[in-house]
file entry.txt (compact mmCIF, C-alpha atoms)
# COMPACT_ATOMS: atom_id res chain seq x y z
CA MET A 30 91.76 56.10 -123.12
CA ASP A 31 95.27 54.95 -122.32
CA ILE A 32 98.24 55.04 -124.64
CA GLU A 33 98.17 51.27 -125.22
CA THR A 34 94.69 51.64 -126.69
CA VAL A 35 95.83 54.51 -128.91
CA ASN A 36 98.85 52.52 -130.09
CA SER A 37 96.68 49.50 -130.90
CA LEU A 38 94.48 51.39 -133.38
CA SER A 39 94.79 50.68 -137.10
CA TYR A 40 95.38 53.79 -139.20
CA GLU A 41 91.74 53.70 -140.30
CA GLU A 42 90.55 53.65 -136.68
CA PHE A 43 93.05 56.33 -135.69
CA ILE A 44 91.93 58.68 -138.50
CA GLU A 45 88.28 58.02 -137.70
CA LEU A 46 88.86 58.89 -134.06
CA PHE A 47 91.33 61.78 -134.32
CA GLY A 48 90.59 63.02 -137.86
CA GLY A 49 88.56 65.97 -136.56
CA VAL A 50 91.00 67.42 -134.01
CA VAL A 51 92.22 69.78 -136.72
CA GLU A 52 89.20 71.23 -138.52
CA ARG A 53 88.49 69.54 -141.88
CA CYS A 54 92.01 68.13 -141.92
CA PRO A 55 92.09 64.36 -141.37
CA LEU A 56 95.54 64.55 -142.98
CA ALA A 57 96.97 65.76 -139.65
CA ALA A 58 95.93 62.59 -137.82
CA ALA A 59 96.81 60.43 -140.83
CA ALA A 60 100.34 61.86 -140.84
CA VAL A 61 100.81 61.50 -137.08
CA TRP A 62 99.96 57.79 -137.14
CA SER A 63 103.47 57.31 -138.64
CA ARG A 64 104.94 58.19 -135.23
CA ARG A 65 103.50 55.21 -133.40
CA PRO A 66 104.14 53.81 -130.93
CA PHE A 67 103.45 56.89 -128.82
CA GLY A 68 105.11 57.02 -125.40
CA CYS A 69 102.24 58.96 -123.85
CA VAL A 70 99.06 60.67 -124.98
CA SER A 71 100.71 64.07 -125.21
CA ASP A 72 102.94 62.66 -127.98
CA VAL A 73 99.87 62.63 -130.23
CA GLU A 74 99.42 66.36 -129.69
CA ALA A 75 103.13 67.03 -130.13
CA GLY A 76 103.06 65.14 -133.42
CA ILE A 77 100.14 67.15 -134.70
CA GLY A 78 101.91 70.35 -133.69
CA GLU A 79 104.98 69.26 -135.65
CA PHE A 80 102.84 68.38 -138.66
CA ILE A 81 101.32 71.87 -138.61
CA ASP A 82 104.71 73.54 -138.18
CA SER A 83 106.11 71.51 -141.09
CA LEU A 84 103.56 72.94 -143.54
CA SER A 85 104.69 75.58 -146.02
CA GLU A 86 103.38 79.12 -145.54
CA SER A 87 100.59 78.56 -148.09
CA GLY A 88 99.86 75.22 -146.39
CA LYS A 89 99.38 77.03 -143.08
CA GLU A 90 97.15 79.59 -144.78
CA GLY A 91 95.17 76.69 -146.24
CA LEU A 92 94.80 75.19 -142.78
CA VAL A 93 93.26 78.45 -141.55
CA ARG A 94 90.97 78.58 -144.62
CA CYS A 95 89.57 75.16 -143.70
CA HIS A 96 87.93 76.82 -140.68
CA PRO A 97 84.39 78.18 -140.77
CA ASP A 98 83.39 81.75 -139.99
CA LEU A 99 82.59 82.43 -136.35
CA ALA A 100 78.86 83.06 -135.99
CA GLY A 101 78.51 82.63 -139.75
CA ARG A 102 76.00 81.05 -142.09
CA GLU A 103 77.11 77.51 -141.26
CA LEU A 104 76.33 78.01 -137.56
CA ALA A 105 72.87 79.29 -138.48
CA SER A 106 72.23 76.45 -140.93
CA GLY A 107 73.68 73.70 -138.71
CA THR A 108 76.26 72.63 -141.30
CA LEU A 109 79.34 73.10 -139.11
CA THR A 110 81.38 70.08 -138.04
CA ALA A 111 80.04 68.68 -134.74
CA GLU A 112 83.13 69.99 -132.94
CA SER A 113 82.78 73.55 -134.26
CA GLN A 114 79.05 73.57 -133.57
CA ARG A 115 79.62 72.72 -129.88
CA GLU A 116 82.45 75.21 -129.52
CA GLN A 117 80.63 78.13 -131.14
CA GLU A 118 77.43 77.41 -129.22
CA GLY A 119 79.43 77.17 -125.99
CA ALA A 120 80.83 80.66 -126.56
CA GLY A 121 77.31 82.03 -126.94
CA LEU A 122 77.60 82.64 -130.69
CA ALA A 123 74.36 80.81 -131.50
CA SER A 124 72.29 83.26 -129.47
CA LEU A 125 73.54 86.68 -130.55
CA GLN A 126 71.34 89.75 -130.67
CA ALA A 127 70.73 90.97 -134.24
CA GLU A 128 73.06 93.93 -133.69
CA GLU A 129 75.88 91.77 -132.32
CA ALA A 130 75.46 89.32 -135.20
CA ALA A 131 75.65 92.12 -137.77
CA GLN A 132 78.74 93.56 -136.11
CA ILE A 133 80.57 90.22 -136.07
CA ALA A 134 79.54 89.48 -139.67
CA GLY A 135 80.90 92.87 -140.79
CA LEU A 136 84.20 92.39 -138.97
CA ASN A 137 84.55 88.83 -140.32
CA ARG A 138 84.10 90.15 -143.85
CA GLU A 139 86.66 92.87 -143.27
CA TYR A 140 89.11 90.38 -141.76
CA LYS A 141 88.78 87.94 -144.67
CA GLN A 142 89.10 90.76 -147.18
CA ARG A 143 92.29 91.93 -145.51
CA PHE A 144 94.01 88.58 -144.85
CA GLY A 145 92.52 86.05 -147.30
CA PHE A 146 91.60 83.64 -144.51
CA PRO A 147 88.96 83.61 -141.77
CA PHE A 148 89.34 84.85 -138.20
CA VAL A 149 90.12 81.80 -136.04
CA ILE A 150 89.99 81.82 -132.27
CA CYS A 151 89.67 79.06 -129.69
CA ALA A 152 86.04 79.76 -128.78
CA ARG A 153 86.09 77.46 -125.74
CA THR A 154 88.57 79.63 -123.88
CA SER A 155 86.68 82.77 -124.83
CA ASP A 156 83.20 84.29 -124.89
CA LYS A 157 81.37 86.58 -127.27
CA ALA A 158 82.61 89.81 -125.69
CA ALA A 159 86.24 88.67 -125.80
CA ILE A 160 85.81 87.32 -129.33
CA LEU A 161 84.48 90.66 -130.53
CA GLN A 162 87.29 92.51 -128.83
CA GLN A 163 89.92 90.15 -130.32
CA LEU A 164 88.41 90.42 -133.77
CA GLN A 165 88.62 94.22 -133.66
CA GLN A 166 92.16 94.16 -132.30
CA ARG A 167 93.60 91.45 -134.56
CA LEU A 168 92.24 93.20 -137.66
CA ARG A 169 95.03 95.75 -137.14
CA ASN A 170 97.83 93.14 -137.19
CA LEU A 171 100.20 92.46 -140.05
CA ARG A 172 99.25 89.48 -142.20
CA SER A 173 102.31 87.49 -141.09
CA GLN A 174 101.46 88.09 -137.40
CA GLU A 175 97.88 87.05 -137.98
CA LEU A 176 98.90 83.81 -139.68
CA LEU A 177 101.07 82.91 -136.69
CA HIS A 178 98.27 83.88 -134.34
CA ALA A 179 95.69 81.79 -136.21
CA VAL A 180 97.99 78.75 -136.18
CA GLN A 181 98.42 79.10 -132.41
CA GLU A 182 94.64 79.20 -131.99
CA ILE A 183 94.31 76.06 -134.15
CA LYS A 184 96.74 74.31 -131.79
CA LYS A 185 94.68 75.39 -128.76
CA ILE A 186 91.50 74.09 -130.40
CA CYS A 187 93.29 70.84 -131.23
CA HIS A 188 94.52 70.50 -127.63
CA LEU A 189 91.00 70.74 -126.22
CA ARG A 190 89.50 68.39 -128.84
CA LEU A 191 92.24 65.85 -128.07
CA GLN A 192 91.60 66.15 -124.34
CA ASP A 193 87.94 65.36 -124.95
CA LEU A 194 88.81 62.25 -126.92
CA LEU A 195 91.59 60.97 -124.70
CA HIS A 196 89.65 61.36 -121.49
CA ARG A 197 86.61 59.50 -122.64
CA ALA A 198 86.09 55.75 -122.69
CA PRO A 199 88.00 53.78 -125.35
CA PRO A 200 86.18 53.59 -128.68
CA LYS A 201 84.19 50.52 -129.63
CA LEU A 202 85.70 49.86 -133.05
CA MET B 9 85.48 76.91 -166.96
CA ASP B 10 88.00 79.58 -167.90
CA ILE B 11 90.78 80.92 -165.72
CA GLU B 12 88.99 84.23 -165.09
CA THR B 13 86.15 82.28 -163.48
CA VAL B 14 88.59 80.31 -161.33
CA ASN B 15 90.39 83.49 -160.28
CA SER B 16 87.10 85.15 -159.35
CA LEU B 17 86.15 82.49 -156.78
CA SER B 18 86.28 83.31 -153.07
CA TYR B 19 88.35 80.85 -151.05
CA GLU B 20 85.17 79.24 -149.76
CA GLU B 21 83.91 78.70 -153.32
CA PHE B 22 87.33 77.49 -154.46
CA ILE B 23 87.55 74.92 -151.64
CA GLU B 24 83.99 73.78 -152.25
CA LEU B 25 84.75 73.24 -155.94
CA PHE B 26 88.29 71.83 -155.81
CA GLY B 27 88.37 70.44 -152.26
CA GLY B 28 87.92 66.86 -153.48
CA VAL B 29 90.62 66.69 -156.17
CA VAL B 30 92.93 65.21 -153.55
CA GLU B 31 91.02 62.54 -151.63
CA ARG B 32 89.76 63.73 -148.23
CA CYS B 33 92.22 66.64 -148.34
CA PRO B 34 90.50 70.00 -148.84
CA LEU B 35 93.71 71.46 -147.39
CA ALA B 36 95.38 71.03 -150.80
CA ALA B 37 92.89 73.31 -152.56
CA ALA B 38 92.80 75.67 -149.57
CA ALA B 39 96.58 76.06 -149.73
CA VAL B 40 96.66 76.57 -153.51
CA TRP B 41 94.17 79.45 -153.35
CA SER B 42 97.11 81.50 -152.02
CA ARG B 43 98.66 81.39 -155.51
CA ARG B 44 95.91 83.34 -157.24
CA PRO B 45 95.72 84.85 -159.75
CA PHE B 46 96.44 81.77 -161.83
CA GLY B 47 97.80 82.39 -165.33
CA CYS B 48 96.10 79.32 -166.78
CA VAL B 49 94.15 76.33 -165.51
CA SER B 50 97.22 74.10 -165.39
CA ASP B 51 98.65 76.42 -162.72
CA VAL B 52 96.03 75.03 -160.32
CA GLU B 53 97.35 71.52 -160.87
CA ALA B 54 100.97 72.68 -160.64
CA GLY B 55 100.17 74.36 -157.32
CA ILE B 56 98.59 71.23 -155.91
CA GLY B 57 101.61 69.22 -157.05
CA GLU B 58 103.90 71.64 -155.22
CA PHE B 59 101.74 71.44 -152.10
CA ILE B 60 102.02 67.65 -152.14
CA ASP B 61 105.77 67.75 -152.74
CA SER B 62 106.20 70.24 -149.89
CA LEU B 63 104.74 67.81 -147.33
CA SER B 64 107.08 66.04 -144.94
CA GLU B 65 107.55 62.29 -145.40
CA SER B 66 104.97 61.51 -142.71
CA GLY B 67 102.68 64.11 -144.34
CA LYS B 68 102.94 62.23 -147.63
CA GLU B 69 102.25 58.95 -145.85
CA GLY B 70 99.21 60.61 -144.28
CA LEU B 71 98.02 61.71 -147.70
CA VAL B 72 98.12 58.09 -148.87
CA ARG B 73 96.31 56.94 -145.71
CA CYS B 74 93.43 59.30 -146.51
CA HIS B 75 92.61 57.03 -149.48
CA PRO B 76 90.12 54.18 -149.22
CA ASP B 77 90.87 50.53 -150.00
CA LEU B 78 90.32 49.52 -153.61
CA ALA B 79 87.29 47.21 -153.79
CA GLY B 80 86.97 47.48 -150.02
CA ARG B 81 84.12 47.73 -147.54
CA GLU B 82 83.41 51.37 -148.39
CA LEU B 83 82.78 50.52 -152.04
CA ALA B 84 80.35 47.78 -150.97
CA SER B 85 78.58 50.03 -148.45
CA GLY B 86 78.47 53.11 -150.72
CA THR B 87 80.36 55.29 -148.24
CA LEU B 88 83.20 56.29 -150.56
CA THR B 89 83.54 59.89 -151.71
CA ALA B 90 81.55 60.47 -154.93
CA GLU B 91 84.79 60.74 -156.89
CA SER B 92 86.22 57.44 -155.60
CA GLN B 93 82.90 55.67 -156.11
CA ARG B 94 82.81 56.64 -159.79
CA GLU B 95 86.48 55.75 -160.32
CA GLN B 96 86.29 52.34 -158.66
CA GLU B 97 83.05 51.45 -160.43
CA GLY B 98 84.55 52.57 -163.75
CA ALA B 99 87.44 50.15 -163.27
CA GLY B 100 84.99 47.28 -162.74
CA LEU B 101 85.72 46.94 -159.02
CA ALA B 102 82.05 47.03 -158.03
CA SER B 103 81.26 43.88 -159.98
CA LEU B 104 84.02 41.47 -158.99
CA GLN B 105 83.53 37.70 -158.82
CA ALA B 106 83.72 36.39 -155.24
CA GLU B 107 87.12 34.86 -155.93
CA GLU B 108 88.56 38.08 -157.41
CA ALA B 109 87.18 40.08 -154.49
CA ALA B 110 88.77 37.72 -151.97
CA GLN B 111 92.10 37.87 -153.79
CA ILE B 112 92.16 41.69 -153.89
CA ALA B 113 91.08 41.89 -150.23
CA GLY B 114 93.90 39.56 -149.20
CA LEU B 115 96.51 41.49 -151.18
CA ASN B 116 95.23 44.83 -149.81
CA ARG B 117 95.61 43.49 -146.27
CA GLU B 118 99.12 42.27 -147.01
CA TYR B 119 100.05 45.61 -148.60
CA LYS B 120 98.76 47.65 -145.66
CA GLN B 121 100.46 45.34 -143.19
CA ARG B 122 103.77 45.77 -145.03
CA PHE B 123 103.69 49.52 -145.73
CA GLY B 124 101.30 51.09 -143.18
CA PHE B 125 99.23 52.76 -145.90
CA PRO B 126 96.76 51.52 -148.51
CA PHE B 127 97.49 50.56 -152.12
CA VAL B 128 96.66 53.60 -154.26
CA ILE B 129 96.36 53.47 -158.02
CA CYS B 130 94.66 55.73 -160.56
CA ALA B 131 91.74 53.41 -161.31
CA ARG B 132 90.57 55.43 -164.31
CA THR B 133 93.68 54.65 -166.32
CA SER B 134 93.52 50.99 -165.31
CA ASP B 135 91.16 48.02 -165.10
CA LYS B 136 90.72 45.18 -162.66
CA ALA B 137 93.26 42.88 -164.34
CA ALA B 138 95.93 45.59 -164.40
CA ILE B 139 95.10 46.62 -160.83
CA LEU B 140 95.52 43.05 -159.61
CA GLN B 141 98.81 42.71 -161.45
CA GLN B 142 100.10 46.05 -160.09
CA LEU B 143 99.06 45.14 -156.56
CA GLN B 144 101.01 41.89 -156.73
CA GLN B 145 104.04 43.58 -158.25
CA ARG B 146 104.16 46.66 -156.04
CA LEU B 147 103.92 44.53 -152.91
CA ARG B 148 107.56 43.57 -153.59
CA ASN B 149 108.81 47.18 -153.63
CA LEU B 150 110.71 48.92 -150.88
CA ARG B 151 108.59 51.15 -148.64
CA SER B 152 110.32 54.32 -149.89
CA GLN B 153 109.67 53.36 -153.53
CA GLU B 154 106.05 52.60 -152.77
CA LEU B 155 105.51 55.96 -151.08
CA LEU B 156 106.86 57.74 -154.17
CA HIS B 157 104.73 55.55 -156.39
CA ALA B 158 101.57 56.21 -154.38
CA VAL B 159 102.19 59.97 -154.48
CA GLN B 160 102.54 59.82 -158.28
CA GLU B 161 99.23 57.96 -158.50
CA ILE B 162 97.58 60.61 -156.29
CA LYS B 163 98.79 63.26 -158.74
CA LYS B 164 97.32 61.31 -161.69
CA ILE B 165 93.98 60.99 -159.88
CA CYS B 166 94.10 64.72 -159.10
CA HIS B 167 94.85 65.54 -162.76
CA LEU B 168 91.78 63.67 -164.00
CA ARG B 169 89.50 65.07 -161.29
CA LEU B 170 90.69 68.59 -162.14
CA GLN B 171 90.08 67.99 -165.85
CA ASP B 172 86.51 66.96 -165.06
CA LEU B 173 85.92 70.15 -163.09
CA LEU B 174 87.67 72.55 -165.42
CA HIS B 175 85.98 71.26 -168.54
CA ARG B 176 82.49 71.49 -167.23
CA ALA B 177 80.28 74.57 -167.10
CA PRO B 178 81.16 77.23 -164.51
CA PRO B 179 79.64 76.56 -161.09
CA LYS B 180 76.49 78.34 -159.99
CA LEU B 181 77.67 79.71 -156.66
call {"tool": "encode", "arguments": {"input": "entry.txt", "output": "structure tokens"}}
result
Amino acid sequence: MDIETVNSLSYEEFIELFGGVVERCPLAAAAVWSRRPFGCVSDVEAGIGEFIDSLSESGKEGLVRCHPDLAGRELASGTLTAESQREQEGAGLASLQAEEAAQIAGLNREYKQRFGFPFVICARTSDKAAILQQLQQRLRNLRSQELLHAVQEIKKICHLRLQDLLHRAPPKL
Amino acid sequence: MDIETVNSLSYEEFIELFGGVVERCPLAAAAVWSRRPFGCVSDVEAGIGEFIDSLSESGKEGLVRCHPDLAGRELASGTLTAESQREQEGAGLASLQAEEAAQIAGLNREYKQRFGFPFVICARTSDKAAILQQLQQRLRNLRSQELLHAVQEIKKICHLRLQDLLHRAPPKL
């Protein structure tokens, strides 16, 4: 999809297309539409990054809370967003051994108890061994460090979701 | 629902329950969870108001863009959120005469063309005659005035949605 196509979208079309690049937060795309016309496709990503950075601290925490657990109940029940489902399956989280699943579930619980938001990692640039190792390591961080870390991961996830959308054929709207 | 019940909710439960009080913006509830424990139920509303006020100008525009058209295609096709469906039906927008429907559709188009976001009004404190009159009148406003106005309407909608939730029986979660 070229930038002319992106710039020609109505806000409804733009939100429909890009509303899922930040998990459960169509507001990010809806806000970024204000920046049209975009000079190039990376301006869309830059705009979303600025939107995220402009959120208050509790807003950023909220953004992290809009993410599902890794290898959690929603993966098992198929109620994740389509994007999260693909990403978690791709990292091997849908086919864990019982012991691995129990270990990740326990660490997720501990992480949420400690920080008040879920562990977020860009699953597509990781695998289950690395995820487990990161979960154990990041549990020891300060809350403020972890919030920054989670926001960086959200930006990585957003980057890859945007790449998928921008490199496919233009939408039929 | 009393405040002890609200304060006892996990963030997942809180987002599930309050995630729709701002249209298509679970982020608002997710952010406000950071403020627990709440002293009283009106603290939840105050927190959401502060979240909205803390958004950048394009963030506020995005918030407005996450709202559907009044008496638009989504009302006809039944694809509105449950909250919006009830509110628009309650204001008589589901049973417009063809001429009224055409007039509102035309004014909505003009409004969106002029401001880059949809006309938002708290339908529950209005009716179709007042909505039509407001739409015609607000079309003449400056964009900056209209953004402020739309944000105020979003807060009124949020207030009534919160009242519905807080005055019903506690959720079975």
call {"tool": "residues_around", "arguments": {"input": "entry.txt", "residues": "region 77-90 of chain B", "least_positions_apart": "2", "cutoff": "9 Å", "atoms": "only C-alpha atoms", "output": "number ranges by chain"}}
result
B: 28, 31-32, 75, 92-97, 101-102, 104, 109, 112-113, 116, 126-129, 131
call {"tool": "residues_around", "arguments": {"input": "entry.txt", "residues": "Cys151 (chain A)", "least_positions_apart": "3", "cutoff": "9 Å", "atoms": "all atoms listed in the file", "output": "VMD selection string"}}
result
chain A and resid 116 154 to 155 182 to 186
call {"tool": "residues_around", "arguments": {"input": "entry.txt", "residues": "region 146-151 of chain B", "least_positions_apart": "4", "cutoff": "8 Å", "atoms": "only C-alpha atoms", "output": "mmCIF file with C-alpha atoms, keeping the file's coordinate frame"}}
result
data_model
loop_
_atom_site.group_PDB
_atom_site.id
_atom_site.type_symbol
_atom_site.label_atom_id
_atom_site.label_comp_id
_atom_site.auth_asym_id
_atom_site.auth_seq_id
_atom_site.Cartn_x
_atom_site.Cartn_y
_atom_site.Cartn_z
ATOM 1 C CA GLU B 118 99.120 42.270 -147.010
ATOM 2 C CA TYR B 119 100.050 45.610 -148.600
ATOM 3 C CA ARG B 122 103.770 45.770 -145.030
ATOM 4 C CA PHE B 123 103.690 49.520 -145.730
ATOM 5 C CA GLN B 142 100.100 46.050 -160.090
ATOM 6 C CA LEU B 155 105.510 55.960 -151.080
#
call {"tool": "calpha_fit_and_write", "arguments": {"input": "entry.txt", "fixed": "chain B", "moving": "chain A", "output": "short mmCIF file (atom, residue, chain, number, x, y, z; two decimals) with C-alpha atoms, in the coordinates of the input"}}
result
data_model
loop_
_atom_site.label_atom_id
_atom_site.label_comp_id
_atom_site.auth_asym_id
_atom_site.auth_seq_id
_atom_site.Cartn_x
_atom_site.Cartn_y
_atom_site.Cartn_z
CA MET A 30 85.47 76.92 -166.95
CA ASP A 31 87.99 79.57 -167.91
CA ILE A 32 90.76 80.91 -165.73
CA GLU A 33 88.97 84.22 -165.11
CA THR A 34 86.14 82.28 -163.48
CA VAL A 35 88.60 80.30 -161.35
CA ASN A 36 90.39 83.49 -160.29
CA SER A 37 87.10 85.15 -159.34
CA LEU A 38 86.16 82.48 -156.78
CA SER A 39 86.28 83.30 -153.07
CA TYR A 40 88.36 80.85 -151.04
CA GLU A 41 85.16 79.25 -149.76
CA GLU A 42 83.91 78.69 -153.32
CA PHE A 43 87.32 77.48 -154.46
CA ILE A 44 87.56 74.91 -151.63
CA GLU A 45 83.99 73.78 -152.24
CA LEU A 46 84.74 73.24 -155.92
CA PHE A 47 88.28 71.84 -155.81
CA GLY A 48 88.38 70.44 -152.25
CA GLY A 49 87.90 66.87 -153.49
CA VAL A 50 90.61 66.69 -156.17
CA VAL A 51 92.92 65.21 -153.55
CA GLU A 52 91.02 62.54 -151.63
CA ARG A 53 89.76 63.74 -148.22
CA CYS A 54 92.21 66.64 -148.33
CA PRO A 55 90.50 70.00 -148.84
CA LEU A 56 93.71 71.46 -147.40
CA ALA A 57 95.38 71.02 -150.81
CA ALA A 58 92.89 73.31 -152.55
CA ALA A 59 92.80 75.67 -149.56
CA ALA A 60 96.59 76.06 -149.74
CA VAL A 61 96.65 76.55 -153.51
CA TRP A 62 94.17 79.43 -153.37
CA SER A 63 97.12 81.52 -152.03
CA ARG A 64 98.66 81.38 -155.52
CA ARG A 65 95.91 83.32 -157.24
CA PRO A 66 95.70 84.83 -159.72
CA PHE A 67 96.43 81.76 -161.83
CA GLY A 68 97.79 82.38 -165.33
CA CYS A 69 96.09 79.30 -166.76
CA VAL A 70 94.14 76.32 -165.50
CA SER A 71 97.19 74.09 -165.39
CA ASP A 72 98.64 76.41 -162.72
CA VAL A 73 96.02 75.03 -160.32
CA GLU A 74 97.34 71.51 -160.88
CA ALA A 75 100.95 72.66 -160.63
CA GLY A 76 100.16 74.34 -157.32
CA ILE A 77 98.59 71.21 -155.92
CA GLY A 78 101.59 69.20 -157.05
CA GLU A 79 103.89 71.62 -155.23
CA PHE A 80 101.74 71.43 -152.11
CA ILE A 81 102.02 67.64 -152.13
CA ASP A 82 105.77 67.74 -152.74
CA SER A 83 106.20 70.22 -149.88
CA LEU A 84 104.74 67.80 -147.33
CA SER A 85 107.09 66.02 -144.94
CA GLU A 86 107.56 62.28 -145.39
CA SER A 87 104.96 61.50 -142.70
CA GLY A 88 102.67 64.09 -144.33
CA LYS A 89 102.94 62.22 -147.63
CA GLU A 90 102.24 58.94 -145.86
CA GLY A 91 99.21 60.60 -144.27
CA LEU A 92 98.02 61.71 -147.69
CA VAL A 93 98.12 58.09 -148.88
CA ARG A 94 96.31 56.94 -145.71
CA CYS A 95 93.43 59.30 -146.52
CA HIS A 96 92.61 57.03 -149.47
CA PRO A 97 90.13 54.18 -149.23
CA ASP A 98 90.87 50.54 -150.00
CA LEU A 99 90.31 49.52 -153.60
CA ALA A 100 87.29 47.22 -153.79
CA GLY A 101 86.97 47.48 -150.01
CA ARG A 102 84.13 47.74 -147.54
CA GLU A 103 83.41 51.37 -148.38
CA LEU A 104 82.78 50.52 -152.04
CA ALA A 105 80.37 47.79 -150.97
CA SER A 106 78.59 50.03 -148.46
CA GLY A 107 78.48 53.11 -150.71
CA THR A 108 80.38 55.29 -148.24
CA LEU A 109 83.22 56.29 -150.58
CA THR A 110 83.55 59.90 -151.71
CA ALA A 111 81.56 60.47 -154.93
CA GLU A 112 84.81 60.73 -156.89
CA SER A 113 86.23 57.44 -155.60
CA GLN A 114 82.91 55.67 -156.11
CA ARG A 115 82.84 56.64 -159.81
CA GLU A 116 86.48 55.76 -160.33
CA GLN A 117 86.32 52.35 -158.66
CA GLU A 118 83.07 51.46 -160.42
CA GLY A 119 84.56 52.57 -163.74
CA ALA A 120 87.46 50.15 -163.28
CA GLY A 121 85.01 47.30 -162.74
CA LEU A 122 85.73 46.94 -159.02
CA ALA A 123 82.05 47.05 -158.03
CA SER A 124 81.27 43.89 -159.99
CA LEU A 125 84.03 41.47 -159.01
CA GLN A 126 83.52 37.73 -158.82
CA ALA A 127 83.73 36.41 -155.24
CA GLU A 128 87.14 34.87 -155.94
CA GLU A 129 88.56 38.08 -157.41
CA ALA A 130 87.18 40.09 -154.49
CA ALA A 131 88.78 37.73 -151.96
CA GLN A 132 92.10 37.88 -153.79
CA ILE A 133 92.15 41.69 -153.88
CA ALA A 134 91.07 41.91 -150.22
CA GLY A 135 93.91 39.56 -149.21
CA LEU A 136 96.51 41.50 -151.18
CA ASN A 137 95.22 44.83 -149.81
CA ARG A 138 95.61 43.50 -146.28
CA GLU A 139 99.12 42.28 -147.01
CA TYR A 140 100.04 45.61 -148.61
CA LYS A 141 98.75 47.65 -145.66
CA GLN A 142 100.47 45.33 -143.20
CA ARG A 143 103.75 45.77 -145.04
CA PHE A 144 103.68 49.53 -145.74
CA GLY A 145 101.30 51.10 -143.19
CA PHE A 146 99.22 52.76 -145.91
CA PRO A 147 96.75 51.52 -148.51
CA PHE A 148 97.49 50.56 -152.11
CA VAL A 149 96.65 53.60 -154.27
CA ILE A 150 96.36 53.47 -158.03
CA CYS A 151 94.66 55.73 -160.56
CA ALA A 152 91.74 53.40 -161.30
CA ARG A 153 90.57 55.42 -164.31
CA THR A 154 93.68 54.64 -166.32
CA SER A 155 93.52 50.99 -165.31
CA ASP A 156 91.16 48.03 -165.10
CA LYS A 157 90.73 45.17 -162.66
CA ALA A 158 93.26 42.88 -164.34
CA ALA A 159 95.94 45.58 -164.39
CA ILE A 160 95.10 46.62 -160.83
CA LEU A 161 95.54 43.06 -159.61
CA GLN A 162 98.81 42.72 -161.46
CA GLN A 163 100.10 46.05 -160.07
CA LEU A 164 99.06 45.15 -156.56
CA GLN A 165 101.01 41.89 -156.72
CA GLN A 166 104.04 43.58 -158.25
CA ARG A 167 104.16 46.67 -156.03
CA LEU A 168 103.92 44.53 -152.89
CA ARG A 169 107.55 43.57 -153.57
CA ASN A 170 108.81 47.19 -153.63
CA LEU A 171 110.72 48.93 -150.88
CA ARG A 172 108.59 51.15 -148.65
CA SER A 173 110.31 54.32 -149.88
CA GLN A 174 109.66 53.35 -153.54
CA GLU A 175 106.05 52.60 -152.77
CA LEU A 176 105.51 55.96 -151.08
CA LEU A 177 106.87 57.74 -154.17
CA HIS A 178 104.73 55.54 -156.39
CA ALA A 179 101.57 56.21 -154.37
CA VAL A 180 102.18 59.97 -154.48
CA GLN A 181 102.54 59.82 -158.27
CA GLU A 182 99.23 57.96 -158.50
CA ILE A 183 97.57 60.60 -156.29
CA LYS A 184 98.79 63.26 -158.75
CA LYS A 185 97.33 61.30 -161.69
CA ILE A 186 93.99 60.99 -159.88
CA CYS A 187 94.09 64.71 -159.10
CA HIS A 188 94.85 65.54 -162.75
CA LEU A 189 91.78 63.66 -163.99
CA ARG A 190 89.49 65.07 -161.27
CA LEU A 191 90.68 68.59 -162.15
CA GLN A 192 90.08 67.98 -165.84
CA ASP A 193 86.51 66.98 -165.05
CA LEU A 194 85.92 70.16 -163.09
CA LEU A 195 87.67 72.56 -165.42
CA HIS A 196 85.98 71.27 -168.54
CA ARG A 197 82.48 71.51 -167.22
CA ALA A 198 80.28 74.58 -167.10
CA PRO A 199 81.17 77.25 -164.52
CA PRO A 200 79.64 76.60 -161.10
CA LYS A 201 76.49 78.40 -160.02
CA LEU A 202 77.68 79.73 -156.67
#
call {"tool": "atom_distance", "arguments": {"input": "entry.txt", "atom1": "CA of Leu168 (chain B)", "atom2": "CA of Asn15 (chain B)"}}
result
20.2 Å
call {"tool": "atom_distance", "arguments": {"input": "entry.txt", "atom1": "CA of Ala131 (chain A)", "atom2": "CA of Gln165 (chain A)"}}
result
13.8 Å
call {"tool": "atom_distance", "arguments": {"input": "entry.txt", "atom1": "CA of Leu115 (chain B)", "atom2": "CA of Ala138 (chain B)"}}
result
13.9 Å
call {"tool": "axis_aligned_box", "arguments": {"input": "entry.txt", "around": "region 21-36 of chain B", "padding_each_side": "3 Å", "output": "AutoDock Vina command-line options"}}
result
--center_x 89.6 --center_y 70.6 --center_z -151.8 --size_x 17.5 --size_y 22.2 --size_z 14.8
call {"tool": "closest_residue", "arguments": {"input": "entry.txt", "among": "A:Gly135, A:Ser71, A:Ser37, A:Asp156", "to": "Ala120 (chain A)", "atoms": "all atoms listed in the file"}}
result
A:Asp156
call {"tool": "residues_around", "arguments": {"input": "entry.txt", "residues": "His175 (chain B)", "least_positions_apart": "5", "cutoff": "10 Å", "atoms": "only C-alpha atoms", "output": "PyMOL selection string"}}
result
chain B and resi 9-10+170
call {"tool": "closest_residue", "arguments": {"input": "entry.txt", "among": "A:Cys69, A:Ile160, A:Ala127, A:Val50", "to": "Thr34 (chain A)", "atoms": "only C-alpha atoms"}}
result
A:Cys69
